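Asker: Structure file upload-v9.tsv, TSV, C-alpha atoms, is pasted below:
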chain	number	residue	atom	x	y	z
A	1	MET	CA	13.18	10.51	21.16
A	2	ILE	CA	12.01	6.90	21.23
A	3	GLU	CA	14.74	4.30	20.82
A	4	ILE	CA	14.09	2.14	17.77
A	5	SER	CA	15.84	-1.21	17.87
A	6	PRO	CA	17.51	-2.42	14.68
A	7	GLY	CA	15.38	-4.80	12.66
A	8	PRO	CA	16.24	-8.46	12.16
A	9	SER	CA	17.58	-8.02	8.64
A	10	SER	CA	21.32	-7.98	7.98
A	11	LEU	CA	23.12	-6.22	5.14
A	12	SER	CA	26.51	-6.81	3.61
A	13	PRO	CA	29.19	-4.30	4.68
A	14	GLY	CA	29.11	-1.20	2.53
A	15	VAL	CA	25.56	-1.76	1.28
A	16	HIS	CA	23.30	1.21	1.94
A	17	PRO	CA	19.94	-0.01	3.26
A	18	PHE	CA	17.85	2.51	1.28
A	19	PRO	CA	19.73	4.81	-1.14
A	20	HIS	CA	16.61	6.40	-2.66
A	21	ARG	CA	15.52	10.01	-2.38
A	22	HIS	CA	11.83	9.28	-2.98
A	23	LEU	CA	9.43	6.36	-2.60
A	24	LEU	CA	7.53	6.39	-5.90
A	25	GLY	CA	6.90	2.67	-6.22
A	26	ILE	CA	8.01	-0.84	-5.36
A	27	ASN	CA	9.38	-1.20	-8.88
A	28	GLY	CA	13.13	-0.65	-8.75
A	29	LEU	CA	13.53	-1.59	-5.10
A	30	GLN	CA	15.81	-4.47	-4.20
A	31	PRO	CA	14.42	-7.21	-1.96
A	32	TRP	CA	16.68	-6.15	0.91
A	33	GLU	CA	15.42	-2.56	0.60
A	34	ILE	CA	11.84	-3.77	0.94
A	35	THR	CA	12.83	-5.93	3.90
A	36	TYR	CA	14.66	-3.00	5.47
A	37	LEU	CA	11.51	-0.84	5.39
A	38	LEU	CA	9.47	-3.71	6.84
A	39	ASP	CA	11.98	-4.14	9.66
A	40	GLU	CA	11.91	-0.41	10.39
A	41	ALA	CA	8.10	-0.48	10.44
A	42	GLU	CA	8.13	-3.43	12.82
A	43	ALA	CA	9.69	-1.26	15.48
A	44	TRP	CA	7.00	1.41	15.02
A	45	VAL	CA	4.26	-1.19	15.52
A	46	THR	CA	5.61	-1.75	19.02
A	47	VAL	CA	5.75	1.99	19.68
A	48	ASN	CA	2.20	2.54	18.43
A	49	ARG	CA	0.86	-0.18	20.71
A	50	GLY	CA	2.36	1.53	23.75
A	51	THR	CA	1.19	4.62	25.61
A	52	ALA	CA	4.04	6.93	24.47
A	53	LYS	CA	3.31	7.11	20.74
A	54	HIS	CA	4.87	10.50	20.11
A	55	ASP	CA	8.43	10.83	18.82
A	56	GLY	CA	10.09	14.12	17.97
A	57	ARG	CA	12.53	13.08	15.26
A	58	LEU	CA	10.66	15.07	12.58
A	59	SER	CA	10.18	18.07	14.88
A	60	GLY	CA	10.56	21.30	12.92
A	61	LEU	CA	9.95	19.59	9.58
A	62	THR	CA	6.89	20.32	7.44
A	63	GLN	CA	4.95	17.46	5.83
A	64	ILE	CA	2.47	18.35	3.10
A	65	ASN	CA	-0.17	15.79	2.18
A	66	ALA	CA	-1.31	16.86	-1.30
A	67	PHE	CA	-4.22	14.65	-2.32
A	68	PHE	CA	-5.42	15.27	-5.87
A	69	GLU	CA	-7.70	12.27	-5.38
A	70	ASN	CA	-9.85	11.72	-2.32
A	71	SER	CA	-8.98	8.98	0.16
A	72	THR	CA	-10.03	9.33	3.76
A	73	ARG	CA	-8.17	6.36	5.23
A	74	THR	CA	-4.85	6.89	3.42
A	75	LEU	CA	-4.83	10.62	4.20
A	76	LEU	CA	-5.65	9.96	7.85
A	77	SER	CA	-2.96	7.29	8.08
A	78	PHE	CA	-0.27	9.61	6.70
A	79	GLU	CA	-1.47	12.45	8.93
A	80	ILE	CA	-1.30	10.32	12.08
A	81	ALA	CA	2.10	8.96	11.07
A	82	GLY	CA	3.54	12.44	10.55
A	83	LYS	CA	2.13	13.82	13.79
A	84	ARG	CA	3.44	10.88	15.81
A	85	LEU	CA	6.89	11.67	14.42
A	86	GLY	CA	6.53	15.31	15.46
A	87	ALA	CA	6.19	16.87	11.99
A	88	ASP	CA	4.07	19.91	11.22
A	89	VAL	CA	1.45	18.26	9.01
A	90	VAL	CA	-0.56	20.21	6.43
A	91	ASN	CA	-3.32	18.58	4.39
A	92	MET	CA	-4.05	20.10	1.00
A	93	ALA	CA	-7.28	19.05	-0.71
A	94	VAL	CA	-5.86	19.98	-4.10
A	95	ALA	CA	-8.64	18.28	-6.02
A	96	SER	CA	-11.14	20.84	-4.77
A	97	SER	CA	-8.99	23.97	-5.03
A	98	SER	CA	-6.32	25.12	-7.48
A	99	VAL	CA	-6.73	22.27	-9.98
A	100	LYS	CA	-10.40	23.11	-10.34
A	101	LYS	CA	-9.35	26.64	-11.29
A	102	GLY	CA	-7.17	25.42	-14.15
A	103	GLU	CA	-3.72	25.22	-12.54
A	104	THR	CA	-1.43	22.75	-14.29
A	105	LEU	CA	0.28	19.89	-12.51
A	106	LEU	CA	3.70	21.51	-12.96
A	107	ASP	CA	2.48	24.84	-11.58
A	108	THR	CA	1.06	23.00	-8.57
A	109	ALA	CA	4.41	21.28	-8.07
A	110	LEU	CA	6.26	24.59	-8.20
A	111	THR	CA	3.75	26.10	-5.76
A	112	LEU	CA	4.21	23.23	-3.32
A	113	ASN	CA	8.00	23.52	-3.59
A	114	ALA	CA	7.92	27.26	-2.92
A	115	MET	CA	6.35	26.55	0.46
A	116	ARG	CA	9.64	24.83	1.47
A	117	PRO	CA	8.22	21.53	2.70
A	118	ASP	CA	10.54	18.82	4.01
A	119	VAL	CA	8.50	15.87	2.73
A	120	ILE	CA	5.49	15.70	0.40
A	121	VAL	CA	2.94	12.91	0.21
A	122	ILE	CA	1.00	12.87	-3.07
A	123	ARG	CA	-2.03	10.98	-4.30
A	124	HIS	CA	-3.16	11.50	-7.89
A	125	ASP	CA	-5.57	9.79	-10.28
A	126	ALA	CA	-3.08	9.88	-13.18
A	127	SER	CA	-0.32	7.28	-13.50
A	128	GLY	CA	3.10	8.92	-13.41
A	129	ALA	CA	1.90	12.23	-11.98
A	130	VAL	CA	3.70	11.68	-8.68
A	131	ALA	CA	7.00	10.97	-10.44
A	132	LEU	CA	6.57	14.14	-12.51
A	133	ILE	CA	6.06	16.25	-9.38
A	134	ALA	CA	9.03	14.56	-7.66
A	135	GLU	CA	11.29	15.84	-10.45
A	136	LYS	CA	10.30	19.44	-9.70
A	137	VAL	CA	10.60	19.62	-5.92
A	138	ASP	CA	13.59	19.76	-3.58
A	139	CYS	CA	12.36	17.36	-0.88
A	140	PRO	CA	11.49	13.65	-0.63
A	141	VAL	CA	8.18	12.58	-2.18
A	142	LEU	CA	6.06	9.61	-1.15
A	143	ASN	CA	3.56	8.13	-3.57
A	144	ALA	CA	0.20	7.63	-1.86
A	145	GLY	CA	-1.28	6.11	-5.02
A	146	ASP	CA	-1.16	7.24	-8.66
A	147	GLY	CA	-3.65	6.05	-11.25
A	148	ARG	CA	-3.22	2.39	-12.11
A	149	HIS	CA	0.53	2.63	-11.51
A	150	GLU	CA	1.53	1.98	-7.89
A	151	HIS	CA	0.57	2.31	-4.23
A	152	PRO	CA	3.86	1.36	-2.54
A	153	THR	CA	2.99	1.95	1.11
A	154	GLN	CA	-0.13	-0.23	0.72
A	155	ALA	CA	2.06	-3.06	-0.59
A	156	LEU	CA	4.51	-2.61	2.27
A	157	LEU	CA	1.78	-2.67	4.91
A	158	ASP	CA	0.27	-5.75	3.29
A	159	ALA	CA	3.65	-7.49	3.28
A	160	LEU	CA	4.20	-6.54	6.91
A	161	THR	CA	0.77	-7.91	7.85
A	162	ILE	CA	1.48	-11.21	6.08
A	163	ARG	CA	4.94	-11.54	7.62
A	164	ARG	CA	3.62	-10.93	11.12
A	165	ARG	CA	0.70	-13.36	10.74
A	166	LYS	CA	2.52	-16.11	8.84
A	167	GLY	CA	6.06	-15.57	10.11
A	168	ARG	CA	7.46	-15.35	6.57
A	169	ILE	CA	6.60	-14.39	3.01
A	170	GLU	CA	8.97	-16.57	1.00
A	171	GLY	CA	7.28	-19.73	-0.24
A	172	LEU	CA	3.73	-18.64	0.59
A	173	THR	CA	1.00	-18.80	-2.03
A	174	VAL	CA	-0.87	-15.50	-2.26
A	175	ALA	CA	-4.02	-15.15	-4.38
A	176	ILE	CA	-4.85	-11.55	-5.37
A	177	CYS	CA	-8.48	-11.58	-6.46
A	178	GLY	CA	-10.93	-9.22	-8.14
A	179	ASP	CA	-10.51	-6.02	-10.12
A	180	VAL	CA	-6.84	-6.51	-10.98
A	181	LEU	CA	-7.12	-4.40	-14.14
A	182	HIS	CA	-7.75	-1.10	-12.35
A	183	SER	CA	-5.74	-1.83	-9.21
A	184	ARG	CA	-2.48	-0.08	-8.38
A	185	VAL	CA	-2.61	-2.02	-5.10
A	186	ALA	CA	-2.43	-5.28	-7.05
A	187	ARG	CA	0.50	-4.05	-9.12
A	188	SER	CA	2.53	-2.93	-6.11
A	189	ASN	CA	1.69	-6.10	-4.19
A	190	ILE	CA	2.74	-8.30	-7.11
A	191	LEU	CA	6.08	-6.49	-7.28
A	192	ALA	CA	6.69	-6.67	-3.52
A	193	LEU	CA	5.52	-10.21	-2.89
A	194	THR	CA	7.31	-11.77	-5.86
A	195	ALA	CA	10.50	-9.91	-4.88
A	196	LEU	CA	10.22	-11.43	-1.41
A	197	GLY	CA	9.76	-14.95	-2.77
A	198	ALA	CA	6.00	-15.53	-2.62
A	199	ASN	CA	4.12	-17.50	-5.27
A	200	VAL	CA	1.55	-15.01	-6.50
A	201	ARG	CA	-1.66	-15.85	-8.33
A	202	VAL	CA	-4.04	-13.28	-9.77
A	203	VAL	CA	-7.71	-14.16	-10.07
A	204	ALA	CA	-10.16	-12.06	-12.09
A	205	PRO	CA	-12.93	-12.19	-14.68
A	206	PRO	CA	-11.64	-11.97	-18.26
A	207	THR	CA	-12.74	-8.32	-18.46
A	208	LEU	CA	-10.72	-7.37	-15.37
A	209	MET	CA	-7.57	-9.41	-16.08
A	210	PRO	CA	-4.71	-7.24	-17.43
A	211	PRO	CA	-3.21	-8.52	-20.70
A	212	ALA	CA	0.17	-10.29	-20.46
A	213	ILE	CA	0.02	-10.28	-16.66
A	214	GLU	CA	2.20	-13.42	-16.69
A	215	ALA	CA	5.16	-11.18	-17.51
A	216	MET	CA	5.05	-9.96	-13.89
A	217	GLY	CA	5.88	-13.46	-12.65
A	218	VAL	CA	2.36	-14.40	-11.54
A	219	THR	CA	-0.05	-17.18	-12.48
A	220	PRO	CA	-3.44	-15.93	-13.75
A	221	PHE	CA	-6.75	-17.69	-13.04
A	222	LEU	CA	-10.14	-16.87	-14.49
A	223	ASP	CA	-11.84	-19.36	-12.16
A	224	MET	CA	-12.05	-18.13	-8.56
A	225	ASP	CA	-12.45	-21.58	-7.03
A	226	ARG	CA	-9.29	-22.85	-8.71
A	227	GLY	CA	-7.41	-19.63	-8.10
A	228	ILE	CA	-7.67	-19.70	-4.32
A	229	GLU	CA	-7.31	-23.47	-3.92
A	230	GLY	CA	-4.69	-24.17	-1.25
A	231	ALA	CA	-3.68	-20.49	-0.98
A	232	ASP	CA	-2.06	-19.26	2.24
A	233	VAL	CA	-3.37	-15.73	1.72
A	234	VAL	CA	-6.49	-14.57	-0.13
A	235	MET	CA	-6.24	-10.86	-0.88
A	236	MET	CA	-9.49	-9.40	-2.19
A	237	LEU	CA	-9.63	-6.18	-4.22
A	238	ARG	CA	-12.31	-3.51	-4.36
A	239	LEU	CA	-14.41	-3.41	-7.50
A	240	GLN	CA	-13.47	0.06	-8.78
A	241	ARG	CA	-16.61	1.09	-10.62
A	242	GLU	CA	-15.47	4.73	-10.71
A	243	ARG	CA	-12.65	3.72	-13.10
A	244	MET	CA	-14.90	1.68	-15.38
A	245	THR	CA	-16.21	3.22	-18.56
A	246	GLY	CA	-18.17	0.20	-19.73
A	247	ALA	CA	-19.86	-2.97	-18.54
A	248	TYR	CA	-16.94	-4.89	-17.06
A	249	VAL	CA	-19.04	-7.07	-14.78
A	250	PRO	CA	-22.63	-8.33	-14.66
A	251	SER	CA	-24.75	-7.56	-11.62
A	252	SER	CA	-23.30	-7.38	-8.10
A	253	ARG	CA	-25.15	-10.59	-7.25
A	254	GLU	CA	-23.49	-12.48	-10.12
A	255	TYR	CA	-20.09	-11.00	-9.28
A	256	LEU	CA	-20.41	-12.26	-5.71
A	257	ALA	CA	-21.50	-15.67	-6.97
A	258	PHE	CA	-18.54	-16.11	-9.30
A	259	TYR	CA	-15.77	-13.96	-7.82
A	260	GLY	CA	-16.84	-12.96	-4.30
A	261	LEU	CA	-15.20	-14.43	-1.20
A	262	THR	CA	-17.86	-16.37	0.65
A	263	ARG	CA	-17.43	-18.64	3.65
A	264	GLU	CA	-17.98	-21.71	1.48
A	265	ARG	CA	-15.46	-20.59	-1.14
A	266	LEU	CA	-12.84	-19.76	1.49
A	267	GLU	CA	-12.84	-23.44	2.50
A	268	ARG	CA	-11.04	-24.14	-0.79
A	269	ALA	CA	-8.06	-22.09	0.36
A	270	GLY	CA	-5.38	-23.48	2.63
A	271	LYS	CA	-6.07	-24.27	6.26
A	272	ASN	CA	-5.99	-21.03	8.26
A	273	ALA	CA	-5.67	-18.98	5.07
A	274	LEU	CA	-5.41	-15.28	5.83
A	275	VAL	CA	-8.10	-12.97	4.40
A	276	MET	CA	-7.05	-9.46	3.38
A	277	HIS	CA	-8.62	-6.42	1.71
A	278	PRO	CA	-7.07	-2.95	1.20
A	279	GLY	CA	-10.44	-1.25	1.78
A	280	PRO	CA	-12.83	0.30	1.49
A	281	MET	CA	-14.86	-2.88	1.06
A	282	ASN	CA	-17.95	-3.44	-1.02
A	283	ARG	CA	-19.61	-5.85	1.40
A	284	GLY	CA	-21.81	-8.34	-0.34
A	285	VAL	CA	-20.07	-7.72	-3.69
A	286	GLU	CA	-16.41	-8.84	-3.49
A	287	ILE	CA	-16.56	-10.16	0.08
A	288	GLU	CA	-19.26	-11.34	2.47
A	289	SER	CA	-19.47	-9.59	5.84
A	290	HIS	CA	-19.03	-12.70	7.97
A	291	VAL	CA	-15.77	-13.45	6.14
A	292	ALA	CA	-14.51	-9.87	6.44
A	293	ASP	CA	-15.37	-9.79	10.15
A	294	ASP	CA	-14.00	-13.23	11.05
A	295	ILE	CA	-11.46	-12.34	13.75
A	296	HIS	CA	-9.65	-15.66	13.25
A	297	ARG	CA	-9.16	-15.39	9.47
A	298	SER	CA	-9.45	-11.72	8.57
A	299	ALA	CA	-6.47	-9.33	8.91
A	300	ILE	CA	-8.29	-6.33	7.44
A	301	THR	CA	-8.18	-4.11	10.52
A	302	GLU	CA	-4.59	-5.18	11.18
A	303	GLN	CA	-3.72	-3.92	7.69
A	304	VAL	CA	-4.96	-0.48	8.73
A	305	GLU	CA	-2.83	-0.59	11.87
A	306	MET	CA	0.26	-1.64	9.91
A	307	GLY	CA	-0.33	1.28	7.56
A	308	VAL	CA	0.52	3.86	10.21
A	309	ALA	CA	3.71	2.00	11.19
A	310	VAL	CA	4.85	1.60	7.58
A	311	ARG	CA	4.26	5.27	6.82
A	312	MET	CA	6.16	6.32	9.95
A	313	ALA	CA	9.07	4.14	8.85
A	314	CYS	CA	9.06	5.53	5.30
A	315	MET	CA	8.98	9.16	6.41
A	316	ASP	CA	11.70	8.54	8.97
A	317	VAL	CA	13.98	6.84	6.43
A	318	LEU	CA	13.37	9.34	3.60
A	319	THR	CA	14.09	12.38	5.78
A	320	ARG	CA	17.31	11.06	7.36
A	321	ALA	CA	19.57	12.75	4.82
A	322	ARG	CA	17.66	16.02	5.30
A	323	ARG	CA	18.01	15.68	9.08
A	324	GLY	CA	21.72	14.97	8.81
A	325	VAL	CA	21.52	11.49	10.30
A	326	GLU	CA	24.98	9.93	10.24
A	327	GLY	CA	25.52	7.71	7.22
A	328	TRP	CA	22.55	9.14	5.32
A	329	ALA	CA	23.87	12.46	4.01
Transcribe the structure of this file into structure tokens.

Answerer:
Amino acid sequence: MIEISPGPSSLSPGVHPFPHRHLLGINGLQPWEITYLLDEAEAWVTVNRGTAKHDGRLSGLTQINAFFENSTRTLLSFEIAGKRLGADVVNMAVASSSVKKGETLLDTALTLNAMRPDVIVIRHDASGAVALIAEKVDCPVLNAGDGRHEHPTQALLDALTIRRRKGRIEGLTVAICGDVLHSRVARSNILALTALGANVRVVAPPTLMPPAIEAMGVTPFLDMDRGIEGADVVMMLRLQRERMTGAYVPSSREYLAFYGLTRERLERAGKNALVMHPGPMNRGVEIESHVADDIHRSAITEQVEMGVAVRMACMDVLTRARRGVEGWA
């Protein structure tokens, strides 16, 4: 088993670093719990960059990835993470099987539980569906994205990317730009980054700005140029047309002109501002290719790399009680 060095965070005596059975969202996590997961992931980044990536701490455990909603990169990231930890990984394309035949969500949960998994990763297009399943199963559940609710591991990998590139999160100005209304990534990132002390702005057209977003502790901007001015991080969001039932935006050309991240617009952000995007990108719509591919400013591929490390850390931490790790029973 690979030795993982303790992270740089320190906890008060008697404080459990992560007393949660599941990871359903960032909401409800304390700042030190978020930092603890980031520190744990940091160690896995080092492991993944070496030649001996395999670790057997989840050997003998079964990990089911039940994706009710398609996502190639998130599924692949969880699969690689589980295999590097030695788990037996099973991918279930639920969206194209039992659900299509009329099986209810609760019946699917009971079916999954009957297979005696040790950890379940779930992605679903309905907000709250993952929490509902978590109530019905006997093992830890990780939320891989549910409706407009949360995508906690995406927020953790984004926070890890920022911390590694900027050396800190507290005090940074982060502009989250684009389709905020439909984005669970935006919601989880707002929760994580504000908890860690960042100044978060959200930038969107009026049709894609959630009502009362100020209540989440962010500053909203309808003007992209003003919204990213002086920002340390510019996080672009995918325009989620599949979730739109009406005309939320004009043409792609107009969207790029008013809300897309172009090289000229990026100059308004802070010097050496970091460019991020959770992917997949709509090139030429929310971001221009030469900005996305700028190796000096863009951290988009690094976000993908951090995703594997974060998911390894989360699965390790959540299965410690099940594995009988001292102090976690």

Asker: Give me the residues within 7 Å of region 270-272 of chain A as a list in words, counting only C-alpha atoms and dropping any in the same chain fewer than 2 places off.

Answerer: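 Counting only C-alpha atoms, the residues come to Glu229, Gly230, Ala231, Asp232, Arg268, Leu274 and Arg297 of chain A.
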
Asker: Between A:Val119, A:Val130, A:Ala93, A:Ile64, which is the closest to Arg323 (chain A) once you count all atoms listed in the file?

Answerer: A:Val119

Asker: Within 6 Å of region 56-63 of chain A, counting all atoms listed in the file, which residues show up once you throw out same-chain ones fewer than 6 positions away? Write them as a PyMOL selection string, please.

Answerer: chain A and resi 1+85-89+117-120

Asker: What are the closest atom pairs, with distances in Å to one decimal, for all residues of region 12-48 of chain A lying within 12 Å of region 156-180 of chain A? Consider all atoms listed in the file, order rows by chain and residue number, and present the result as a Markdown table.

Answerer:
| residue | atom | partner | partner_atom | distance |
| --- | --- | --- | --- | --- |
| A:Leu23 | CA | A:Leu156 | CA | 11.3 |
| A:Gly25 | CA | A:Leu156 | CA | 10.3 |
| A:Ile26 | CA | A:Leu156 | CA | 8.6 |
| A:Leu29 | CA | A:Leu156 | CA | 11.7 |
| A:Pro31 | CA | A:Glu170 | CA | 11.2 |
| A:Glu33 | CA | A:Leu156 | CA | 11.0 |
| A:Ile34 | CA | A:Leu156 | CA | 7.5 |
| A:Thr35 | CA | A:Leu156 | CA | 9.1 |
| A:Tyr36 | CA | A:Leu156 | CA | 10.6 |
| A:Leu37 | CA | A:Leu156 | CA | 7.9 |
| A:Leu38 | CA | A:Leu160 | CA | 6.0 |
| A:Asp39 | CA | A:Leu160 | CA | 8.6 |
| A:Glu40 | CA | A:Leu160 | CA | 10.4 |
| A:Ala41 | CA | A:Leu160 | CA | 8.0 |
| A:Glu42 | CA | A:Leu160 | CA | 7.7 |
| A:Ala43 | CA | A:Leu160 | CA | 11.5 |
| A:Trp44 | CA | A:Leu160 | CA | 11.7 |
| A:Val45 | CA | A:Leu160 | CA | 10.1 |

Asker: Could you state the separation of CA of Val308 (chain A) and CA of His277 (chain A) in Å, given to one decimal place?

Answerer: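 Between these atoms lies a distance of 16.2 Å.
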
Asker: Using all atoms listed in the file, find the one residue out of A:Met306, A:Val325, A:Ala66, A:Val234 that sits nearest to Val47 (chain A).

Answerer: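 Looking at the shortest contact to Val47 (chain A), the residue is A:Met306.
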